[in-house]
Amino acid sequence: MRGPGEYVAMKKGLIAMLLAGGMGSRLNILVSKRAKPALPFGAIYRIIDFTLSNIANSHIDVVGVLTQYKPLSLMEHLDGGTPWDLFGRTRLVEILPPKTGEASSDWYKGTSDAIYQNIGFISDFAPEMVLVVSGDHIYSMDYNDLIAFHRDQKALATVCLVRVPSRDVQHFGIAETDDMGRIVSWVEKPRSSKSNLASMGVYLFNRDVLVKTLSGAARRRGTDFARDIIPAMMKQKRVFGYIFNGYWRDVGTIHSYWQANMDMLQSSSGLDVKEWGIKTSLAAKGEIGDRPSTYIGRTSLVKNSLIARGCVIEGEVRNSVISPGVMVGKGAKIIDSIIFHDTVIGARSLVQRSIIDKQVSVGSSVCIGSGEAIPNKKFLKHLSTGISIVGKGAHIASDISIGTNCIIMPDRQLNTARHKEVSSGSTV
Amino acid sequence: MSSVLAMVLAGGRVDELLCLTEHRPKSALPVFATYRIIDFVLSNLMHSGINNVGVLSQYRPYALVRHIGTGEHWDFVGRSRNIRMLPPYRGFKASDWYKGTADAVYQNISYIEGFKPQYVLIASADHIYRMDYRPFIKFHIENNADATISFTRRKSRSSRFGYGVIGRGGRLRNYQEKPSKPPSDWVSMTLYLFNCDFLIDVLNRNAKEESHEFGRDIIPNIISTARVFGYKHEGYWAYARTVDSYYNTNMDMINSGTTLKDWQIRTNLLERSARADRLPAYINGDVVNSVVSEGCIVEGKVRNSILSPGVIVQDNAEVVDSIIFHDTVIGKNTMMQKVICDKDSRIGEGCSIGGFGKQTVSREFGDLLHSGIILFGRNTVVPDKTRIGANTTVYSSARISARCVDPGSTLR
């Protein structure tokens, strides 16, 4: 920390630290080549766009982005912050990868360790408060409401909480609050709980308390906000819970990711990207830039679907989310599915309730996602709700039939001789 | 290609496009849903590795100025790469409004000399085509030419073009601008390559004359005295000189399978937030053989039409054979046929536009508007339940108060 009277070139009242290192391993092959925050969402967005747009729309103008796991596509996507107007003399997005050379530097060992290793970055702006957010979630929030709450309560730390279905408490940090909004109990991923207030991974700290607690935790080898920092701060009593009432999804599982995409098609879902003012990057290669508008052919039928630029749709598309550059051949049917960039679906093929990653080539008369409801044998916890996923760059030859809950690994070549029929629940 | 400087002629004011060019030069006219016409020549220059470009413009240039911006969208930003708008200016003497294409270049000779190029490529911004200029430049150099003109073949002869007769070895034997009887089917693309010294010499001489057009005054003059060659370009080449040709060119996107995807045409992505803040198209209607852009919401029926970003087609509305520019809203139960509708228009509910009175040509512009097309200028507001006949033009400041607008009308 700086001594008194030391010059601070860019003083800020508040800065944001965005945790974008998450692997999101329950998303299986969808995150085998990218970090979870970089996962495409809603045809043209990436998951991190939601948090970055929230930050920009809340007029927060300094953001440190903590990356560790496969950061390249993320770095390209951030494009210096320009898409979110976070570029200028006093406005910036800075990528903070792990580094060596200082006493405390190393791979990030956890969420709070990542912030601890970048205390120097925080101090450069001498902020009064630090907002720590995760880049993993789909929601729209004005952080100024949280900041006002934090100030009114004279809190040292405030944790954002959202109500989740009781059966899901096992995936989250669960808090109980008293009448004043103070957090009185905090359990990480309980089997069951009488509270259903889950942590959103959004924390607001007074900087001095944060720095002190991080340093203390580091001495005791604490590395995680939920496990180490919040419990330590709760001993000082002024840790509050701010209850957020809007749409919020973790999209940490294949089913919740699929469902949140489908919510884009349902105006009653509460997910309203247009209203929320979510912005995305146009710079990344192959994104939207050089593509012409989408052509809908003479024999096509499109219902309740989002279709991005550069597509050629000759077949039928229903209740689906289609990314840029997708080709759907004549007589093909895409139903309840999510198709990523530049994938080609051949004539007369049927794709149901599936997620097809980028640059997949599907031949003609292929059938994906139909058949018995058998959970995936290898990844039972990841795939049991009937969704099949095809990895980036896979090639599926004509006439192949793939069942439900199947996983086709990235870059796999499926030929008719060996894989005529991929039964439900298989992993190829 | 550092030895080539490009001068793009983008200022043309055209009356033939009526209300579509009321607020913008033709080069800034939207085409193929999300581009402006000038994008094609700028993308060609970029893909040909030509790094320095001057854009000559004088008619209502602000749409163009905003569109070109810093030039970053075409990679014209860098130590040795740049694009400049060159508006008319006042100097000590001759400077004045550009008096023709040649005069526009002549008044910017000092800009050209600043780059010390060996060759100057002069291209019109008004044409839609994909061309690698490098073979054209190579042809010019190999022939040791003073000037080379690019031609494309058009079977249907018209008096709107310049025509060339190209001899063996590529020598240009004859050139006639807008002849009543074309001497060949090779049409000038308004694309010239000049040796820089030769160009400056020719422009200085032309400056003393009365008329200052490349096609009419300069080319016919230099054929006999200098080494002038004709280059034959093959491939798609379209233009928008009239309402009909503008309409048909757009329709090529859906009817003749023009493979724009492979052309890699670049445009300004940020302008009007065309891309950044718009959702992908949401389609829940009945769309056939049409182009739909981001931000569109289609609940009704769309046939053989082109929708720019942000167009909303409400329930049970029907858009047929039409070209709809950005952010226009078409109300419920409205039928539109063969309409070119400019940006930000509001078409009410239960309207019937087009589809009757096709035989009645425009009373004011009979030679320009006779094939049944209806033109709506920017911000047109059509009240609910209005009927509008074919061959009608609505200028952007016009107020429509009649319940029925007769075919062939002009509203201002």
# chains A, B, ... in the order shown; residues from 1 in each chain; ligands from 1
>>> select_by_dssp(residues="region 134-306 of chain A", states="alpha helix (DSSP H)", output="VMD selection string")
chain A and resid 143 to 152 207 to 219 230 to 234 254 to 263 273 to 276
>>> write_last_selection(atoms="C-alpha atoms", output="PDB file, in the first residue's frame")
ATOM      1  CA  TYR A 143     -24.029  -2.582  -9.212  1.00  0.00           C
ATOM      2  CA  ASN A 144     -24.832   0.923  -7.968  1.00  0.00           C
ATOM      3  CA  ASP A 145     -27.782  -0.498  -6.022  1.00  0.00           C
ATOM      4  CA  LEU A 146     -25.365  -2.864  -4.321  1.00  0.00           C
ATOM      5  CA  ILE A 147     -22.924  -0.025  -3.646  1.00  0.00           C
ATOM      6  CA  ALA A 148     -25.678   2.130  -2.109  1.00  0.00           C
ATOM      7  CA  PHE A 149     -26.777  -0.772   0.101  1.00  0.00           C
ATOM      8  CA  HIS A 150     -23.188  -1.406   1.189  1.00  0.00           C
ATOM      9  CA  ARG A 151     -22.735   2.266   2.117  1.00  0.00           C
ATOM     10  CA  ASP A 152     -26.073   2.506   3.929  1.00  0.00           C
ATOM     11  CA  ARG A 207     -10.356  -1.993   0.140  1.00  0.00           C
ATOM     12  CA  ASP A 208      -8.476  -1.748   3.431  1.00  0.00           C
ATOM     13  CA  VAL A 209     -10.475  -4.627   4.935  1.00  0.00           C
ATOM     14  CA  LEU A 210     -10.012  -6.685   1.774  1.00  0.00           C
ATOM     15  CA  VAL A 211      -6.254  -6.157   1.671  1.00  0.00           C
ATOM     16  CA  LYS A 212      -5.874  -6.972   5.354  1.00  0.00           C
ATOM     17  CA  THR A 213      -8.016 -10.108   5.133  1.00  0.00           C
ATOM     18  CA  LEU A 214      -6.301 -11.314   1.955  1.00  0.00           C
ATOM     19  CA  SER A 215      -2.890 -10.912   3.551  1.00  0.00           C
ATOM     20  CA  GLY A 216      -4.034 -12.709   6.683  1.00  0.00           C
ATOM     21  CA  ALA A 217      -5.571 -15.531   4.683  1.00  0.00           C
ATOM     22  CA  ALA A 218      -2.447 -15.886   2.583  1.00  0.00           C
ATOM     23  CA  ARG A 219      -0.419 -16.531   5.740  1.00  0.00           C
ATOM     24  CA  ILE A 230     -15.976 -14.463   3.833  1.00  0.00           C
ATOM     25  CA  PRO A 231     -15.836 -16.656   6.982  1.00  0.00           C
ATOM     26  CA  ALA A 232     -12.795 -14.691   8.196  1.00  0.00           C
ATOM     27  CA  MET A 233     -14.558 -11.382   7.627  1.00  0.00           C
ATOM     28  CA  MET A 234     -17.724 -12.578   9.309  1.00  0.00           C
ATOM     29  CA  ILE A 254     -24.877 -28.474 -19.746  1.00  0.00           C
ATOM     30  CA  HIS A 255     -28.556 -28.495 -18.911  1.00  0.00           C
ATOM     31  CA  SER A 256     -28.574 -25.046 -17.290  1.00  0.00           C
ATOM     32  CA  TYR A 257     -26.502 -23.676 -20.184  1.00  0.00           C
ATOM     33  CA  TRP A 258     -28.954 -25.114 -22.690  1.00  0.00           C
ATOM     34  CA  GLN A 259     -31.956 -23.878 -20.696  1.00  0.00           C
ATOM     35  CA  ALA A 260     -30.576 -20.330 -20.416  1.00  0.00           C
ATOM     36  CA  ASN A 261     -30.083 -20.227 -24.193  1.00  0.00           C
ATOM     37  CA  MET A 262     -33.666 -21.365 -24.640  1.00  0.00           C
ATOM     38  CA  ASP A 263     -34.696 -18.565 -22.248  1.00  0.00           C
ATOM     39  CA  VAL A 273     -30.541  -9.117 -23.644  1.00  0.00           C
ATOM     40  CA  LYS A 274     -31.801  -6.149 -25.648  1.00  0.00           C
ATOM     41  CA  GLU A 275     -33.330  -4.434 -22.638  1.00  0.00           C
ATOM     42  CA  TRP A 276     -30.226  -5.199 -20.601  1.00  0.00           C
TER      43      TRP A 276
END
>>> interface_residues(of="chain B", to="chain A", cutoff="10 Å", atoms="only C-alpha atoms", output="MDAnalysis selection string")
chainID B and resid 32:35 73 253:254 259:270 275:299 302:304 306:309
>>> write_last_selection(atoms="N, CA and C atoms", output="short mmCIF file (atom, residue, chain, number, x, y, z; two decimals), in the first residue's frame")
data_model
loop_
_atom_site.label_atom_id
_atom_site.label_comp_id
_atom_site.auth_asym_id
_atom_site.auth_seq_id
_atom_site.Cartn_x
_atom_site.Cartn_y
_atom_site.Cartn_z
N PHE B 32 -27.50 -4.40 -50.32
CA PHE B 32 -27.37 -5.75 -49.78
C PHE B 32 -27.53 -5.76 -48.25
N ALA B 33 -28.49 -5.05 -47.76
CA ALA B 33 -28.89 -5.06 -46.34
C ALA B 33 -27.97 -4.31 -45.40
N THR B 34 -26.67 -4.56 -45.46
CA THR B 34 -25.82 -3.94 -44.43
C THR B 34 -24.64 -3.15 -44.97
N TYR B 35 -24.46 -3.12 -46.26
CA TYR B 35 -23.31 -2.39 -46.79
C TYR B 35 -23.74 -1.03 -47.31
N HIS B 73 -11.79 0.18 -40.55
CA HIS B 73 -12.56 -0.99 -40.97
C HIS B 73 -12.00 -1.61 -42.24
N MET B 253 -28.91 -10.37 -54.83
CA MET B 253 -28.44 -11.04 -53.62
C MET B 253 -29.28 -12.27 -53.31
N ILE B 254 -30.57 -12.22 -53.65
CA ILE B 254 -31.40 -13.38 -53.35
C ILE B 254 -31.74 -14.20 -54.59
N THR B 259 -22.40 -14.69 -54.44
CA THR B 259 -21.79 -15.27 -53.26
C THR B 259 -20.97 -14.24 -52.50
N LEU B 260 -21.68 -13.33 -51.87
CA LEU B 260 -21.02 -12.26 -51.11
C LEU B 260 -20.10 -12.81 -50.03
N LYS B 261 -20.42 -13.99 -49.55
CA LYS B 261 -19.65 -14.58 -48.46
C LYS B 261 -18.16 -14.64 -48.82
N ASP B 262 -17.89 -14.99 -50.07
CA ASP B 262 -16.49 -15.15 -50.47
C ASP B 262 -15.84 -13.81 -50.81
N TRP B 263 -16.64 -12.76 -50.91
CA TRP B 263 -16.08 -11.48 -51.32
C TRP B 263 -15.36 -10.77 -50.18
N GLN B 264 -15.73 -11.12 -48.95
CA GLN B 264 -15.14 -10.48 -47.78
C GLN B 264 -15.23 -8.96 -47.86
N ILE B 265 -16.43 -8.50 -48.07
CA ILE B 265 -16.65 -7.06 -48.10
C ILE B 265 -16.66 -6.55 -46.67
N ARG B 266 -15.88 -5.51 -46.45
CA ARG B 266 -15.82 -4.93 -45.10
C ARG B 266 -16.66 -3.66 -45.06
N THR B 267 -17.26 -3.43 -43.91
CA THR B 267 -18.02 -2.20 -43.76
C THR B 267 -17.76 -1.65 -42.37
N ASN B 268 -18.26 -0.48 -42.10
CA ASN B 268 -18.10 0.11 -40.77
C ASN B 268 -19.05 -0.60 -39.81
N LEU B 269 -18.45 -1.34 -38.89
CA LEU B 269 -19.26 -2.18 -38.01
C LEU B 269 -19.98 -1.39 -36.94
N LEU B 270 -19.46 -0.22 -36.64
CA LEU B 270 -19.96 0.47 -35.47
C LEU B 270 -21.02 1.49 -35.81
N ARG B 275 -24.01 -3.46 -35.62
CA ARG B 275 -23.80 -4.81 -35.12
C ARG B 275 -23.73 -4.84 -33.61
N ALA B 276 -22.97 -3.91 -33.06
CA ALA B 276 -22.53 -4.08 -31.68
C ALA B 276 -23.66 -4.36 -30.71
N ASP B 277 -24.69 -3.58 -30.75
CA ASP B 277 -25.69 -3.70 -29.70
C ASP B 277 -26.97 -4.36 -30.16
N ARG B 278 -26.92 -4.98 -31.30
CA ARG B 278 -28.15 -5.60 -31.77
C ARG B 278 -28.12 -7.10 -31.53
N LEU B 279 -29.28 -7.62 -31.19
CA LEU B 279 -29.45 -9.06 -31.06
C LEU B 279 -29.38 -9.69 -32.43
N PRO B 280 -29.14 -11.00 -32.49
CA PRO B 280 -29.33 -11.68 -33.77
C PRO B 280 -30.80 -11.54 -34.19
N ALA B 281 -31.06 -11.81 -35.45
CA ALA B 281 -32.44 -11.72 -35.93
C ALA B 281 -33.31 -12.71 -35.17
N TYR B 282 -34.50 -12.26 -34.77
CA TYR B 282 -35.47 -13.17 -34.16
C TYR B 282 -36.57 -13.42 -35.20
N ILE B 283 -36.70 -14.67 -35.58
CA ILE B 283 -37.67 -15.00 -36.62
C ILE B 283 -38.72 -15.95 -36.07
N ASN B 284 -39.96 -15.55 -36.18
CA ASN B 284 -41.05 -16.40 -35.73
C ASN B 284 -42.19 -16.32 -36.74
N GLY B 285 -41.88 -15.82 -37.93
CA GLY B 285 -42.93 -15.65 -38.92
C GLY B 285 -42.76 -16.64 -40.05
N ASP B 286 -42.90 -16.12 -41.24
CA ASP B 286 -42.90 -16.98 -42.40
C ASP B 286 -41.99 -16.30 -43.43
N VAL B 287 -40.73 -16.69 -43.45
CA VAL B 287 -39.74 -16.00 -44.28
C VAL B 287 -39.27 -16.93 -45.39
N VAL B 288 -39.37 -16.49 -46.61
CA VAL B 288 -38.93 -17.32 -47.74
C VAL B 288 -38.11 -16.47 -48.70
N ASN B 289 -37.01 -17.02 -49.17
CA ASN B 289 -36.15 -16.38 -50.17
C ASN B 289 -35.87 -14.91 -49.85
N SER B 290 -35.37 -14.67 -48.67
CA SER B 290 -35.15 -13.30 -48.23
C SER B 290 -33.88 -13.20 -47.41
N VAL B 291 -33.42 -11.96 -47.27
CA VAL B 291 -32.25 -11.69 -46.44
C VAL B 291 -32.74 -10.97 -45.19
N VAL B 292 -32.28 -11.45 -44.04
CA VAL B 292 -32.70 -10.87 -42.76
C VAL B 292 -31.43 -10.53 -41.98
N SER B 293 -31.41 -9.35 -41.35
CA SER B 293 -30.21 -8.89 -40.65
C SER B 293 -30.41 -8.89 -39.14
N GLU B 294 -29.31 -8.62 -38.43
CA GLU B 294 -29.39 -8.61 -36.97
C GLU B 294 -30.36 -7.53 -36.49
N GLY B 295 -30.95 -7.78 -35.34
CA GLY B 295 -31.87 -6.80 -34.78
C GLY B 295 -33.25 -6.83 -35.40
N CYS B 296 -33.44 -7.62 -36.44
CA CYS B 296 -34.78 -7.72 -37.03
C CYS B 296 -35.66 -8.59 -36.14
N ILE B 297 -36.93 -8.27 -36.10
CA ILE B 297 -37.91 -9.12 -35.43
C ILE B 297 -39.01 -9.38 -36.45
N VAL B 298 -39.13 -10.62 -36.86
CA VAL B 298 -40.09 -10.94 -37.91
C VAL B 298 -41.17 -11.85 -37.36
N GLU B 299 -42.37 -11.31 -37.25
CA GLU B 299 -43.52 -12.11 -36.83
C GLU B 299 -44.44 -12.38 -38.02
N VAL B 302 -42.53 -12.61 -44.96
CA VAL B 302 -41.55 -11.91 -45.78
C VAL B 302 -41.21 -12.77 -46.99
N ARG B 303 -41.38 -12.21 -48.17
CA ARG B 303 -41.11 -12.95 -49.40
C ARG B 303 -40.19 -12.14 -50.31
N ASN B 304 -39.15 -12.76 -50.82
CA ASN B 304 -38.27 -12.12 -51.82
C ASN B 304 -37.90 -10.70 -51.43
N ILE B 306 -35.39 -7.90 -48.80
CA ILE B 306 -34.12 -7.69 -48.12
C ILE B 306 -34.36 -6.76 -46.94
N LEU B 307 -34.07 -7.24 -45.74
CA LEU B 307 -34.29 -6.44 -44.54
C LEU B 307 -32.94 -6.04 -43.95
N SER B 308 -32.72 -4.73 -43.81
CA SER B 308 -31.52 -4.21 -43.15
C SER B 308 -31.67 -4.41 -41.64
N PRO B 309 -30.61 -4.13 -40.86
CA PRO B 309 -30.70 -4.34 -39.42
C PRO B 309 -31.85 -3.57 -38.76
#
>>> closest_residue(among="A:Pro410, A:Leu161, A:Leu380, A:Tyr139", to="Ser269 (chain A)", atoms="only C-alpha atoms")
A:Tyr139
>>> residues_around(residues="Tyr69 (chain A)", least_positions_apart="2", cutoff="12 Å", atoms="only C-alpha atoms", output="list in words")
Leu19, Ala20, Gly21, Gly22, Met23, Gly24, Ser25, Val31, Ser32, Lys33, Arg34, Ala35, Lys36, Pro37, Ala38, Leu66, Thr67, Pro71, Leu72, Ser73, Leu74, Met75, Pro97, Pro98, Trp107, Tyr108 and Lys109 of chain A
>>> atom_distance(atom1="CA of Asp244 (chain B)", atom2="CA of His370 (chain B)")
8.8 Å
>>> residues_around(residues="region 158-160 of chain A", least_positions_apart="5", cutoff="6 Å", atoms="only C-alpha atoms", output="PyMOL selection string")
chain A and resi 199-200+202-204+239-243
>>> write_last_selection(atoms="C-alpha atoms", output="PDB file, in the first residue's frame")
ATOM      1  CA  SER A 199     -23.919 -16.500  -3.370  1.00  0.00           C
ATOM      2  CA  MET A 200     -23.741 -15.002  -6.876  1.00  0.00           C
ATOM      3  CA  VAL A 202     -20.326 -10.953  -6.541  1.00  0.00           C
ATOM      4  CA  TYR A 203     -18.638  -9.308  -3.567  1.00  0.00           C
ATOM      5  CA  LEU A 204     -18.136  -5.690  -2.600  1.00  0.00           C
ATOM      6  CA  VAL A 239     -20.671  -8.647   6.410  1.00  0.00           C
ATOM      7  CA  PHE A 240     -24.002  -8.116   4.705  1.00  0.00           C
ATOM      8  CA  GLY A 241     -26.062  -9.965   2.150  1.00  0.00           C
ATOM      9  CA  TYR A 242     -27.635  -8.007  -0.691  1.00  0.00           C
ATOM     10  CA  ILE A 243     -30.540  -9.912  -2.182  1.00  0.00           C
TER      11      ILE A 243
END
>>> residues_around(residues="Lys12 (chain A)", least_positions_apart="4", cutoff="12 Å", atoms="only C-alpha atoms", output="list in words")
Val8, Ala16, His59, Ile60, Asp61, Val62, Val63, Thr90, Arg91, Leu92, Ile122, Ser123, Asp124, Phe125, Ala126, Pro127, Glu128, Met129, Val130 and Arg207 of chain A
>>> write_last_selection(atoms="N, CA and C atoms", output="PDB file, in the first residue's frame")
ATOM      1  N   VAL A   8      -1.052   9.437  -6.633  1.00  0.00           N
ATOM      2  CA  VAL A   8      -1.838   8.406  -7.303  1.00  0.00           C
ATOM      3  C   VAL A   8      -2.277   8.968  -8.643  1.00  0.00           C
ATOM      4  N   ALA A  16     -13.294  -2.679 -10.373  1.00  0.00           N
ATOM      5  CA  ALA A  16     -13.829  -4.044 -10.413  1.00  0.00           C
ATOM      6  C   ALA A  16     -12.718  -5.035 -10.717  1.00  0.00           C
ATOM      7  N   HIS A  59     -21.307   2.183 -14.887  1.00  0.00           N
ATOM      8  CA  HIS A  59     -20.331   3.281 -14.945  1.00  0.00           C
ATOM      9  C   HIS A  59     -19.078   3.019 -14.116  1.00  0.00           C
ATOM     10  N   ILE A  60     -18.717   1.775 -14.012  1.00  0.00           N
ATOM     11  CA  ILE A  60     -17.427   1.434 -13.390  1.00  0.00           C
ATOM     12  C   ILE A  60     -16.422   1.396 -14.543  1.00  0.00           C
ATOM     13  N   ASP A  61     -15.272   2.094 -14.397  1.00  0.00           N
ATOM     14  CA  ASP A  61     -14.439   2.240 -15.587  1.00  0.00           C
ATOM     15  C   ASP A  61     -13.014   1.698 -15.465  1.00  0.00           C
ATOM     16  N   VAL A  62     -12.722   0.979 -14.384  1.00  0.00           N
ATOM     17  CA  VAL A  62     -11.454   0.252 -14.336  1.00  0.00           C
ATOM     18  C   VAL A  62     -11.752  -1.193 -13.959  1.00  0.00           C
ATOM     19  N   VAL A  63     -11.291  -2.114 -14.797  1.00  0.00           N
ATOM     20  CA  VAL A  63     -11.564  -3.523 -14.577  1.00  0.00           C
ATOM     21  C   VAL A  63     -10.283  -4.325 -14.728  1.00  0.00           C
ATOM     22  N   THR A  90      -8.570   7.312 -18.787  1.00  0.00           N
ATOM     23  CA  THR A  90      -8.848   6.901 -17.412  1.00  0.00           C
ATOM     24  C   THR A  90      -9.831   5.728 -17.371  1.00  0.00           C
ATOM     25  N   ARG A  91      -9.940   5.024 -18.493  1.00  0.00           N
ATOM     26  CA  ARG A  91     -10.880   3.903 -18.558  1.00  0.00           C
ATOM     27  C   ARG A  91     -10.106   2.716 -19.093  1.00  0.00           C
ATOM     28  N   LEU A  92     -10.166   1.598 -18.422  1.00  0.00           N
ATOM     29  CA  LEU A  92      -9.396   0.489 -18.941  1.00  0.00           C
ATOM     30  C   LEU A  92      -9.864  -0.870 -18.464  1.00  0.00           C
ATOM     31  N   ILE A 122      -4.534  -3.094  -7.719  1.00  0.00           N
ATOM     32  CA  ILE A 122      -5.618  -2.394  -7.025  1.00  0.00           C
ATOM     33  C   ILE A 122      -5.091  -1.087  -6.428  1.00  0.00           C
ATOM     34  N   SER A 123      -3.923  -1.159  -5.804  1.00  0.00           N
ATOM     35  CA  SER A 123      -3.379   0.015  -5.116  1.00  0.00           C
ATOM     36  C   SER A 123      -3.089   1.171  -6.071  1.00  0.00           C
ATOM     37  N   ASP A 124      -2.796   0.847  -7.313  1.00  0.00           N
ATOM     38  CA  ASP A 124      -2.524   1.905  -8.297  1.00  0.00           C
ATOM     39  C   ASP A 124      -3.662   2.912  -8.387  1.00  0.00           C
ATOM     40  N   PHE A 125      -4.871   2.469  -8.061  1.00  0.00           N
ATOM     41  CA  PHE A 125      -6.028   3.356  -8.211  1.00  0.00           C
ATOM     42  C   PHE A 125      -6.531   3.868  -6.865  1.00  0.00           C
ATOM     43  N   ALA A 126      -5.915   3.387  -5.797  1.00  0.00           N
ATOM     44  CA  ALA A 126      -6.286   3.772  -4.439  1.00  0.00           C
ATOM     45  C   ALA A 126      -7.795   3.861  -4.238  1.00  0.00           C
ATOM     46  N   PRO A 127      -8.525   2.814  -4.616  1.00  0.00           N
ATOM     47  CA  PRO A 127      -9.988   2.913  -4.504  1.00  0.00           C
ATOM     48  C   PRO A 127     -10.434   2.728  -3.060  1.00  0.00           C
ATOM     49  N   GLU A 128     -11.608   3.256  -2.799  1.00  0.00           N
ATOM     50  CA  GLU A 128     -12.214   3.071  -1.488  1.00  0.00           C
ATOM     51  C   GLU A 128     -12.798   1.648  -1.420  1.00  0.00           C
ATOM     52  N   MET A 129     -13.366   1.205  -2.536  1.00  0.00           N
ATOM     53  CA  MET A 129     -14.027  -0.107  -2.567  1.00  0.00           C
ATOM     54  C   MET A 129     -13.544  -0.932  -3.757  1.00  0.00           C
ATOM     55  N   VAL A 130     -13.631  -2.241  -3.590  1.00  0.00           N
ATOM     56  CA  VAL A 130     -13.291  -3.160  -4.679  1.00  0.00           C
ATOM     57  C   VAL A 130     -14.476  -4.090  -4.907  1.00  0.00           C
ATOM     58  N   ARG A 207     -11.674  -1.527   0.562  1.00  0.00           N
ATOM     59  CA  ARG A 207     -10.356  -1.993   0.140  1.00  0.00           C
ATOM     60  C   ARG A 207      -9.447  -2.339   1.319  1.00  0.00           C
TER      61      ARG A 207
END
>>> atom_distance(atom1="CA of Asp357 (chain A)", atom2="CA of Ser53 (chain A)")
24.4 Å
>>> closest_atom_pairs(of="region 180-232 of chain B", to="region 143-164 of chain B", cutoff="9 Å", atoms="only C-alpha atoms", output="JSON lines")
{"residue": "B:Ser180", "atom": "CA", "partner": "B:Ser159", "partner_atom": "CA", "distance": 5.5}
{"residue": "B:Lys181", "atom": "CA", "partner": "B:Ser159", "partner_atom": "CA", "distance": 7.5}
{"residue": "B:Pro182", "atom": "CA", "partner": "B:Tyr163", "partner_atom": "CA", "distance": 6.3}
{"residue": "B:Pro183", "atom": "CA", "partner": "B:Tyr163", "partner_atom": "CA", "distance": 6.7}
{"residue": "B:Ser184", "atom": "CA", "partner": "B:Tyr163", "partner_atom": "CA", "distance": 6.5}
{"residue": "B:Asp185", "atom": "CA", "partner": "B:Arg154", "partner_atom": "CA", "distance": 5.4}
{"residue": "B:Trp186", "atom": "CA", "partner": "B:Arg153", "partner_atom": "CA", "distance": 4.6}
{"residue": "B:Val187", "atom": "CA", "partner": "B:Tyr163", "partner_atom": "CA", "distance": 4.8}
{"residue": "B:Ser188", "atom": "CA", "partner": "B:Phe151", "partner_atom": "CA", "distance": 4.5}
{"residue": "B:Met189", "atom": "CA", "partner": "B:Phe151", "partner_atom": "CA", "distance": 5.4}
{"residue": "B:Thr190", "atom": "CA", "partner": "B:Ser150", "partner_atom": "CA", "distance": 7.2}
{"residue": "B:Leu191", "atom": "CA", "partner": "B:Ser150", "partner_atom": "CA", "distance": 5.5}
{"residue": "B:Tyr192", "atom": "CA", "partner": "B:Ile149", "partner_atom": "CA", "distance": 4.6}
{"residue": "B:Leu193", "atom": "CA", "partner": "B:Thr148", "partner_atom": "CA", "distance": 5.1}
{"residue": "B:Phe194", "atom": "CA", "partner": "B:Ala147", "partner_atom": "CA", "distance": 4.4}
{"residue": "B:Asn195", "atom": "CA", "partner": "B:Asp146", "partner_atom": "CA", "distance": 5.5}
{"residue": "B:Cys196", "atom": "CA", "partner": "B:Asp146", "partner_atom": "CA", "distance": 8.8}
{"residue": "B:Phe198", "atom": "CA", "partner": "B:Asp146", "partner_atom": "CA", "distance": 6.5}
{"residue": "B:Leu199", "atom": "CA", "partner": "B:Ala147", "partner_atom": "CA", "distance": 8.2}
{"residue": "B:Gly215", "atom": "CA", "partner": "B:Gly162", "partner_atom": "CA", "distance": 6.8}
{"residue": "B:Arg216", "atom": "CA", "partner": "B:Gly162", "partner_atom": "CA", "distance": 8.4}
{"residue": "B:Ile219", "atom": "CA", "partner": "B:Ile149", "partner_atom": "CA", "distance": 8.9}
{"residue": "B:Ile222", "atom": "CA", "partner": "B:Ala147", "partner_atom": "CA", "distance": 8.8}
{"residue": "B:Ala226", "atom": "CA", "partner": "B:Asp146", "partner_atom": "CA", "distance": 6.4}
{"residue": "B:Arg227", "atom": "CA", "partner": "B:Ala145", "partner_atom": "CA", "distance": 5.0}
{"residue": "B:Val228", "atom": "CA", "partner": "B:Ala147", "partner_atom": "CA", "distance": 4.9}
{"residue": "B:Phe229", "atom": "CA", "partner": "B:Thr148", "partner_atom": "CA", "distance": 4.6}
{"residue": "B:Gly230", "atom": "CA", "partner": "B:Ile149", "partner_atom": "CA", "distance": 5.0}
{"residue": "B:Tyr231", "atom": "CA", "partner": "B:Ser150", "partner_atom": "CA", "distance": 4.6}
{"residue": "B:Lys232", "atom": "CA", "partner": "B:Phe151", "partner_atom": "CA", "distance": 5.1}
>>> residues_around(residues="Arg81 (chain B)", least_positions_apart="2", cutoff="7 Å", atoms="only C-alpha atoms", output="PyMOL selection string")
chain B and resi 51-52+76-79
>>> write_last_selection(atoms="C-alpha atoms", output="PDB file, in the first residue's frame")
ATOM      1  CA  ASN B  51      -2.775   1.401 -48.727  1.00  0.00           C
ATOM      2  CA  ASN B  52      -3.360   5.066 -49.484  1.00  0.00           C
ATOM      3  CA  PHE B  76      -6.294   2.038 -43.757  1.00  0.00           C
ATOM      4  CA  VAL B  77      -4.720   3.092 -40.465  1.00  0.00           C
ATOM      5  CA  GLY B  78      -1.001   2.917 -39.839  1.00  0.00           C
ATOM      6  CA  ARG B  79       2.365   4.554 -40.385  1.00  0.00           C
TER       7      ARG B  79
END
